[in-house]
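**Student:** Here it is: the structure, laid out below.
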Amino acid sequence: MGTRVLLIVMLASAVAKAQVAPPATGTKQMETPPPVNGANFPTQVAVQERSNFLSAGLVYSTAYVSNLYAGSAGPSIAEKSFSIMPTIVFDDTARRRHMAFTYSPGFTFYEPSTALNEVDHTAKVDYEFRITPYVKVRVYEQLDDSSTSFNPADPGGSVSGSPVSSTPGAIPPFAKRLTNSANGELTLQTGPNTMIGASGSSTVLHYPNPAQTPGLYDSNSRGGTVFYNHRISIAQYFGVSYQYQDMLTYPKNGTDSTQTHTPMGYYTLYPSKRLSLSVSAGPQHYQVAESPLPATSQWGPFVTPSLGWHGNRTNIAASYSQAVTGGGGLLGAFHTKNANATARWQMSRTWTASGSGAYSIIKSVSTYSAGSGQDGNTVTATATLERSIRDHFTLAFNYVHVRQSYGGIAAISANPNSDRGTISINWHFTRPLGK
């Protein structure tokens, strides 16, 4: 990751030095709309946001799983679990830069199925630097190391207005998996109402123990986007972009590859400072190579609408995408329809409610994978109610539902559905940094 960051910063510096005629002094800086900014919508309401702080905490939770199937020949069983999750968050904000770092390990113990005991890790780093008033570079990376579809180290949902980069895929319950995603972006405002930009991304999915994940495989995706952004008015943006994605899956006897080329146009409307509405659409060309079959290619439609509302006490984000994708642990390429939504409401000074949901449908478009049983759908839903107890303690009630339908994936078909209810108590403190 260090090499990628260095290359992006060097490129940004070169562009900044070559900028002969910057926009007029006093021109308002442009936004980078959701279809091309590569970032997730905020998950907190405005009154909960902070900057320049160091925060640490410890969460203890106990959970009840109503229908766990641990892999034996018997029926599903009821299961209890206990988790301890320390967390540290560092946020450093200055006039030209912003850096945020989060690390949260999770230690979970099951009863009676002690063989499922696990250690999880979630780490995130987000660095943004404005080289000049009109040249900005941003780098983001996230690592997730988990053994369950209910990742206790990162239970929240996220929504992005950018195109999907790989198949949502199936989630093997209680199987070790490692996911690492990175994104780098450079934007240059070339005039009062014009901007150009480029970004690159990479995602790696690894299953350390293949015996736990029959029917699923290691995969990765990588790609890049270039775009031109034009400000029609203070509240309206229009642009065009081109995205390339190379999505690879690694079965035992070779490599499956899905490549996509997507030229698209997008439009973003900001009816207010707190609300954005976006839509991007265009034709998509995809090529699928599955050994030993010859490569095939076709055209298909692509569309992604999204919205984000970021209020003082309410936060809502939602997106939908229809595209051809690959990877995600599955073989071949798939017509993917994917919807995500998340909401948060601070009802009072001490009570906060939040929820998230996702629904994905995939259908194979490749010859080899057709009829293999990988076609299916995934539904996830999360609801949380939190109450602040004094200054440093929070009590939370959480419910998560996961339903998956993939008849040909052995790692999923034995335990397609699960429900988990959790009660947690969180101790935390926050210390301001600088001014």
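A note on labels: chains of the structure tokens are A, B, ... as shown, every chain counts residues from 1, and ligands are counted from 1 in their shown order.
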Determine, using only C-alpha atoms, which residues of range 79-176 of chain A have any atom at most 12 Å from an atom of range 239-256 of chain A, and tabulate each with its shortest atom pair and distance in Å to one decimal place, rows ordered by chain and then rising number, as JSON lines.

**Tutor:**
{"residue": "A:Ser162", "atom": "CA", "partner": "A:Gln243", "partner_atom": "CA", "distance": 10.6}
{"residue": "A:Pro163", "atom": "CA", "partner": "A:Gln243", "partner_atom": "CA", "distance": 8.8}
{"residue": "A:Val164", "atom": "CA", "partner": "A:Gln245", "partner_atom": "CA", "distance": 9.8}
{"residue": "A:Ser165", "atom": "CA", "partner": "A:Gln245", "partner_atom": "CA", "distance": 6.9}
{"residue": "A:Ser166", "atom": "CA", "partner": "A:Met247", "partner_atom": "CA", "distance": 6.7}
{"residue": "A:Thr167", "atom": "CA", "partner": "A:Met247", "partner_atom": "CA", "distance": 9.0}
{"residue": "A:Gly169", "atom": "CA", "partner": "A:Thr249", "partner_atom": "CA", "distance": 11.8}

**Student:** With range 384-403 of chain A as the partner and 10 Å as the cut-off, tabulate the residues of range 229-347 of chain A that qualify, each row holding the nearest pair of atoms and their distance in Å to one decimal, using only C-alpha atoms, sorted by chain and rising number, as CSV.

**Tutor:**
residue,atom,partner,partner_atom,distance
A:Arg344,CA,A:Thr384,CA,9.3
A:Trp345,CA,A:Leu385,CA,9.8
A:Gln346,CA,A:Glu386,CA,9.3

**Student:** Got time to write the residues from that selection, C-alpha atoms, as a compact mmCIF listing (two decimals), in the first residue's frame?

**Tutor:**
# COMPACT_ATOMS: atom_id res chain seq x y z
CA ARG A 344 -29.56 6.65 11.77
CA TRP A 345 -31.79 8.78 14.00
CA GLN A 346 -30.79 10.46 17.24

**Student:** List as a tab-separated table every residue of range 184-204 of chain A that is in contact with range 126-148 of chain A, defined as an atom at most 9 Å from one of its atoms (using only C-alpha atoms), together with the nearest atom pair and the distance in Å rounded to one decimal, sorted by chain and then rising number.

**Tutor:**
residue	atom	partner	partner_atom	distance
A:Gly184	CA	A:Val139	CA	4.4
A:Glu185	CA	A:Arg138	CA	5.2
A:Leu186	CA	A:Val137	CA	4.5
A:Thr187	CA	A:Lys136	CA	5.4
A:Leu188	CA	A:Val135	CA	4.6
A:Gln189	CA	A:Tyr134	CA	5.1
A:Thr190	CA	A:Tyr134	CA	7.7
A:Met195	CA	A:Tyr134	CA	9.0

**Student:** Between CA of Thr430 in chain A and CA of Met347 in chain A, what is the spacing in Å?

**Tutor:**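 Distance reported for this atom pair: 22.1 Å.
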
**Student:** Excluding Ala341 in chain A and its own-chain neighbours fewer than 6 positions away, which residues fall within 10 Å of it when counting only C-alpha atoms? Please give them as a ChimeraX atom specification.

**Tutor:** /A:157-160,306-308,316-320,355-359,381

**Student:** Let's see if you can do this: from backbone DSSP, list all helix (DSSP H, G or I) residues in range 209-435 of chain A, as a tab-separated table (two decimals) with N, CA and C atoms, in the first residue's frame.

**Tutor:**
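Produced file part31.tsv, reproduced below:
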chain	number	residue	atom	x	y	z
A	210	PRO	N	-9.42	-23.51	2.96
A	210	PRO	CA	-10.39	-23.89	1.91
A	210	PRO	C	-11.36	-24.98	2.34
A	211	ALA	N	-10.98	-25.80	3.33
A	211	ALA	CA	-11.88	-26.86	3.79
A	211	ALA	C	-13.14	-26.27	4.41
A	212	GLN	N	-13.08	-25.03	4.88
A	212	GLN	CA	-14.25	-24.38	5.47
A	212	GLN	C	-15.16	-23.73	4.43
A	410	ALA	N	-21.68	-25.40	-1.31
A	410	ALA	CA	-21.78	-26.23	-0.11
A	410	ALA	C	-21.53	-25.43	1.16
A	411	ALA	N	-20.67	-24.42	1.11
A	411	ALA	CA	-20.37	-23.63	2.30
A	411	ALA	C	-21.57	-22.83	2.78
A	412	ILE	N	-22.57	-22.64	1.90
A	412	ILE	CA	-23.75	-21.85	2.23
A	412	ILE	C	-24.99	-22.70	2.43
A	413	SER	N	-25.18	-23.72	1.57
A	413	SER	CA	-26.44	-24.47	1.54
A	413	SER	C	-26.74	-25.17	2.86

**Student:** As a PyMOL selection string, please: the residues near Ser364 in chain A (cut-off 8 Å, only C-alpha atoms, same-chain neighbours under 6 positions excluded).

**Tutor:** chain A and resi 332-335+370+374-375

**Student:** As number ranges by chain, please: all residues of range 37-224 of chain A that backbone DSSP puts in strand (DSSP E).

**Tutor:** A: 53-68, 77-93, 97-111, 118-132, 135-146, 177-191, 194-206, 218-224
